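Chemist: What follows is a single structure, and I will ask about it in a moment.
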Amino acid sequence: MPEGPEIWRTADQLTAALKDKTITQMFFAFDELEDYESMLEGRKVTNVEARGKAILTFFDNDRVMYSHNQLYGKWMVRENGNRPDTNRSLRVAIHNEEQSAYLFSASEVEILEKGGIEDHSYIQKLGPDVLHPETTFEDILSQFQSDEFKNRKLTTLLLDQGFVSGIGNYLRSEIMFYARVDPHYKLREYSDSEIEELAKATVTLAERSYETGGITNDPEIVEALKRENAKYKEYRHFVYNRTGNRCHKCGSVIKEEKTGGRKIYFCPKCQLEDE
Ligand SMILES: [Zn+2]
């Protein structure tokens with residue numbers, strides 16, 4: 001399941017292909033959207049943004065396409081109208097003179113009025129998107145400090161898109177490691193300085209992963225490991241999916257635990273208070 005950094009990279013790829021270009025042809029596989037094909041042809045795409053795990057494509061007539069890929073949806077961009085060779089079913093295609101963006105397999109596609117975005121049932125429930133250009137560090141910190149969330153366990157909260165949107169399973173474990181916190185507590189049980197470290201880690205690692213294409217580990221450690229011919233899986237993360245391997249910082253053995261059906265990974269020495 002892609003997380004915020006991956007969704008934003010897709011949004012950027014779509015922006016590069018579509019922004020400020022006139023739509024020469026529009027296709028929707030959904031009957032209820034058919035009328036929008038002719039409405040959007042001849043219009044321009046003004047921007048593409050991620051919101052949580054959804055993508056918003058803005059048009060110059062104050063309409064916005066909302067699409068959520070769920071588990072299987074996938075965007076592909078090709079030149080000169082070349083359609084990708086795939087068995088997936090095509091749901092949306094946006095063509096301009098140079099490029100085409102194809103959305104395959106997504107089941108949730110809607111056209112909204114620009115003014116109605118915040119009322120959309122999915123978007124309405126989202127907390128601040130950690131990678132949105134208008135989201136500030138203070139927005140993220142105030143979520144961590146809010147009374148609304150203080151009685152929730154940190155591990156469940158970090159996956160709740162209503163808390164901070166854009167965090168998924170790998171970022172969750174990486175954030176707790178980077179902030180050097182024990183993952184076993186409720187938000188109110190962390191000290192003020194730990195809360196601040198968590199907010200910083202959330203922003204730093206989401207941005208780092210967005211810029212590096214999914215690597216959350218410290219750049220110096222990554223470089224050193226690459227010189228030793230380490231594989232991507234070994235240098236990509238601090239702790240995520242590294243059970244039984246040595247911590248890059250202290251050499252202790254990384255552990256995993258299941259919480260709410262999904263695993264967390266942590267370093268006992270770097271993160272647990274009694275070790
Ligand atoms: Zn460690």
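Residues are named by chain letter and number: chains run A, B, ... in the order of the structure tokens, numbers start at 1 in each chain, and ligands are numbered from 1 in the order shown.
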Give me, as a tab-separated table, each residue of segment 147-214 of chain A that comes within 10 Å of segment 9-15 of chain A, together with its shortest interatomic pair and the distance in Å at one decimal, counting only C-alpha atoms, with rows ordered by chain and rising residue number.

Modeler:
residue	atom	partner	partner_atom	distance
A:Tyr210	CA	A:Arg9	CA	6.8
A:Glu211	CA	A:Arg9	CA	8.7
A:Gly213	CA	A:Arg9	CA	8.0

Chemist: Take the residues just selected and output them with C-alpha atoms as a short mmCIF file (atom, residue, chain, number, x, y, z; two decimals), in the first residue's frame.

Modeler:
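Writing done, so here's result-v4.cif:
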data_model
loop_
_atom_site.label_atom_id
_atom_site.label_comp_id
_atom_site.auth_asym_id
_atom_site.auth_seq_id
_atom_site.Cartn_x
_atom_site.Cartn_y
_atom_site.Cartn_z
CA TYR A 210 9.46 11.73 -0.76
CA GLU A 211 12.82 13.11 -1.93
CA GLY A 213 11.94 7.66 -3.41
#

Chemist: Within 10 Å of ligand 1 (counting only C-alpha atoms and all ligand atoms), which residues show up? I'd like them as JSON, numbers by chain.

Modeler: {"A": [177, 180, 238, 239, 246, 247, 248, 249, 250, 251, 252, 253, 254, 266, 267, 268, 269, 270, 271, 272]}

Chemist: Quote the spacing between atom CA of Leu141 of chain A and atom CA of Leu126 of chain A in Å to one decimal place.

Modeler: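 Between atom CA of Leu141 of chain A and atom CA of Leu126 of chain A the gap works out to 15.7 Å.
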
Chemist: What residues in segment 39-270 of chain A get the DSSP label strand (DSSP E)? Please answer as number ranges by chain.

Modeler: A: 45-51, 54-59, 63-68, 74-79, 90-95, 99-104, 108-113, 255-259, 262-266

Chemist: Choose the residue, out of A:Glu207, A:Glu148, A:Glu118, A:Glu194, that has the smallest atom-to-atom separation from Thr135 of chain A; count only C-alpha atoms.

Modeler: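 Checking each candidate against Thr135 of chain A, we get A:Glu207 as the closest.
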
Chemist: Taking 2 positions as the minimum chain separation for residues in the same chain, which residues sit within 10 Å of Ile195 of chain A when counting only C-alpha atoms? Answer as a PyMOL selection string.

Modeler: chain A and resi 141-142+144-145+179+181+187-193+197-201

Chemist: Let's have the selection written as a short mmCIF file (atom, residue, chain, number, x, y, z; two decimals), in the first residue's frame, with all heavy atoms.

Modeler:
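Here's the written file out.cif:
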data_model
loop_
_atom_site.label_atom_id
_atom_site.label_comp_id
_atom_site.auth_asym_id
_atom_site.auth_seq_id
_atom_site.Cartn_x
_atom_site.Cartn_y
_atom_site.Cartn_z
N LEU A 141 2.73 19.38 14.86
CA LEU A 141 2.97 19.40 16.31
C LEU A 141 1.66 19.55 17.07
O LEU A 141 1.43 18.88 18.08
CB LEU A 141 3.94 20.53 16.67
CG LEU A 141 4.31 20.66 18.15
CD1 LEU A 141 5.01 19.40 18.67
CD2 LEU A 141 5.19 21.89 18.40
N SER A 142 0.77 20.40 16.59
CA SER A 142 -0.48 20.62 17.34
C SER A 142 -1.38 19.38 17.32
O SER A 142 -2.15 19.17 18.25
CB SER A 142 -1.22 21.87 16.86
OG SER A 142 -1.75 21.67 15.59
N PHE A 144 -0.10 16.34 17.60
CA PHE A 144 0.51 15.53 18.67
C PHE A 144 0.19 16.07 20.06
O PHE A 144 0.20 15.35 21.04
CB PHE A 144 2.04 15.45 18.48
CG PHE A 144 2.48 14.41 17.48
CD1 PHE A 144 2.73 14.74 16.16
CD2 PHE A 144 2.64 13.08 17.88
CE1 PHE A 144 3.15 13.78 15.25
CE2 PHE A 144 3.06 12.11 16.97
CZ PHE A 144 3.31 12.46 15.65
N GLN A 145 -0.08 17.38 20.14
CA GLN A 145 -0.35 18.00 21.45
C GLN A 145 -1.84 18.08 21.77
O GLN A 145 -2.22 18.48 22.86
CB GLN A 145 0.25 19.41 21.47
CG GLN A 145 1.77 19.42 21.43
CD GLN A 145 2.35 20.81 21.23
OE1 GLN A 145 1.70 21.67 20.62
NE2 GLN A 145 3.55 21.03 21.72
N ALA A 179 12.59 9.22 16.44
CA ALA A 179 12.31 10.03 17.63
C ALA A 179 12.84 9.36 18.89
O ALA A 179 12.74 9.92 19.98
CB ALA A 179 10.80 10.28 17.74
N VAL A 181 11.65 6.81 20.62
CA VAL A 181 10.63 6.60 21.66
C VAL A 181 10.23 5.13 21.72
O VAL A 181 10.24 4.41 20.73
CB VAL A 181 9.36 7.47 21.45
CG1 VAL A 181 9.70 8.96 21.46
CG2 VAL A 181 8.60 7.08 20.20
N LEU A 187 -0.42 8.46 23.82
CA LEU A 187 0.19 9.76 23.52
C LEU A 187 0.45 10.59 24.78
O LEU A 187 1.51 11.21 24.93
CB LEU A 187 -0.73 10.53 22.56
CG LEU A 187 -0.07 11.58 21.68
CD1 LEU A 187 1.12 11.03 20.93
CD2 LEU A 187 -1.09 12.14 20.70
N ARG A 188 -0.49 10.59 25.72
CA ARG A 188 -0.34 11.41 26.93
C ARG A 188 0.81 10.95 27.84
O ARG A 188 1.23 11.66 28.75
CB ARG A 188 -1.64 11.46 27.73
CG ARG A 188 -2.10 10.15 28.27
CD ARG A 188 -3.35 10.34 29.15
NE ARG A 188 -4.17 9.15 29.19
CZ ARG A 188 -3.94 8.08 29.94
NH1 ARG A 188 -2.86 8.04 30.73
NH2 ARG A 188 -4.74 7.05 29.92
N GLU A 189 1.31 9.72 27.61
CA GLU A 189 2.38 9.19 28.46
C GLU A 189 3.78 9.60 27.98
O GLU A 189 4.77 9.31 28.65
CB GLU A 189 2.27 7.67 28.53
CG GLU A 189 0.97 7.24 29.21
CD GLU A 189 0.70 5.74 29.10
OE1 GLU A 189 0.51 5.24 27.98
OE2 GLU A 189 0.68 5.09 30.16
N TYR A 190 3.86 10.26 26.84
CA TYR A 190 5.17 10.73 26.36
C TYR A 190 5.46 12.14 26.91
O TYR A 190 4.54 12.94 27.11
CB TYR A 190 5.21 10.74 24.83
CG TYR A 190 5.13 9.35 24.23
CD1 TYR A 190 3.92 8.84 23.76
CD2 TYR A 190 6.25 8.53 24.17
CE1 TYR A 190 3.84 7.55 23.24
CE2 TYR A 190 6.18 7.24 23.65
CZ TYR A 190 4.97 6.76 23.19
OH TYR A 190 4.90 5.48 22.68
N SER A 191 6.74 12.42 27.13
CA SER A 191 7.13 13.73 27.65
C SER A 191 6.99 14.78 26.54
O SER A 191 6.89 14.44 25.35
CB SER A 191 8.59 13.69 28.11
OG SER A 191 9.44 13.54 26.98
N ASP A 192 7.01 16.07 26.93
CA ASP A 192 6.92 17.15 25.96
C ASP A 192 8.03 17.06 24.92
O ASP A 192 7.82 17.30 23.73
CB ASP A 192 7.00 18.53 26.65
CG ASP A 192 5.74 18.81 27.46
OD1 ASP A 192 4.75 18.06 27.31
OD2 ASP A 192 5.75 19.78 28.25
N SER A 193 9.23 16.70 25.40
CA SER A 193 10.33 16.64 24.43
C SER A 193 10.18 15.45 23.48
O SER A 193 10.51 15.54 22.31
CB SER A 193 11.70 16.64 25.13
OG SER A 193 11.86 15.46 25.86
N GLU A 197 9.93 15.56 19.44
CA GLU A 197 10.76 14.68 18.59
C GLU A 197 9.89 13.87 17.62
O GLU A 197 10.27 13.66 16.47
CB GLU A 197 11.62 13.74 19.44
CG GLU A 197 12.75 14.42 20.21
CD GLU A 197 13.68 15.25 19.33
OE1 GLU A 197 14.02 14.77 18.23
OE2 GLU A 197 14.03 16.38 19.72
N LEU A 198 8.74 13.42 18.09
CA LEU A 198 7.83 12.66 17.22
C LEU A 198 7.32 13.53 16.06
O LEU A 198 7.28 13.08 14.91
CB LEU A 198 6.64 12.11 18.02
CG LEU A 198 6.94 10.85 18.84
CD1 LEU A 198 5.85 10.62 19.89
CD2 LEU A 198 7.04 9.62 17.91
N ALA A 199 6.94 14.78 16.39
CA ALA A 199 6.45 15.68 15.33
C ALA A 199 7.57 15.97 14.32
O ALA A 199 7.35 15.95 13.11
CB ALA A 199 5.92 16.97 15.95
N LYS A 200 8.79 16.19 14.84
CA LYS A 200 9.93 16.45 13.94
C LYS A 200 10.22 15.24 13.06
O LYS A 200 10.47 15.37 11.87
CB LYS A 200 11.20 16.75 14.77
CG LYS A 200 11.32 18.18 15.22
CD LYS A 200 12.73 18.36 15.82
CE LYS A 200 12.72 19.49 16.83
NZ LYS A 200 13.84 19.41 17.77
N ALA A 201 10.20 14.06 13.67
CA ALA A 201 10.48 12.82 12.93
C ALA A 201 9.44 12.60 11.83
O ALA A 201 9.76 12.17 10.72
CB ALA A 201 10.52 11.63 13.89
#

Chemist: As a list of chain:residue names, please: the residues near segment 100-113 of chain A (cut-off 6 Å, only C-alpha atoms, same-chain neighbours under 4 positions excluded).

Modeler: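 Non-adjacent residues within range: A:Arg63, A:Val64, A:Met65, A:Tyr66, A:Ser67, A:His68, A:Asn69, A:Tyr72, A:Gly73, A:Lys74, A:Trp75, A:Met76, A:Val77, A:Arg78, A:Gly81, A:Arg88, A:Ser89, A:Leu90, A:Arg91, A:Val92, A:Ala93, A:Ile94, A:His95.
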
Chemist: Hey, which of A:Thr57, A:Thr259, A:Thr202, A:Thr155 ends up closest to Gln143 of chain A? Count only C-alpha atoms.

Modeler: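 Counting only C-alpha atoms, the residue closest to Gln143 of chain A is A:Thr202.
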
Chemist: Based on DSSP run over this structure's backbone, return all residues of segment 1-214 of chain A in alpha helix (DSSP H), as a ChimeraX atom specification.

Modeler: /A:4-18,34-40,121-124,137-145,154-157,169-178,192-212

Chemist: Find the residues near segment 220-223 of chain A: any atom within 12 Å, counting only C-alpha atoms, skip ones fewer than 2 places away on the same chain, and give them as JSON, numbers by chain.

Modeler: {"A": [212, 215, 216, 217, 218, 225, 226, 227, 228, 229, 230, 231, 232, 233, 234, 235, 236, 237, 238, 247, 248, 249]}

Chemist: Pick out the residues sitting within 7 Å of Thr46 of chain A, and hand them over as a list in words; count only C-alpha atoms, and ignore anything fewer than 6 positions along from it in its own chain.

Modeler: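 So, after excluding close chain neighbours, the residues are Lys19, Asp20, Phe58, Phe59 and Asp60 of chain A.
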
Chemist: So how far away is atom CA of Lys53 of chain A from atom CA of Asp182 of chain A, in Å?

Modeler: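 Between these atoms lies a distance of 27.5 Å.
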
Chemist: Considering only C-alpha atoms, can you say which of A:Arg83, A:Glu273, A:Tyr185, A:Gln70 comes closest to Asn151 of chain A?

Modeler: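 Counting only C-alpha atoms, the residue closest to Asn151 of chain A is A:Tyr185.
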
Chemist: Out of A:Ala206, A:Ala17, A:Met176, A:Val164, which residue has the shortest atom-to-atom distance to Asn96 of chain A when counting only C-alpha atoms?

Modeler: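 Of A:Ala206, A:Ala17, A:Met176, A:Val164, the one nearest Asn96 of chain A, counting only C-alpha atoms, is A:Ala17.
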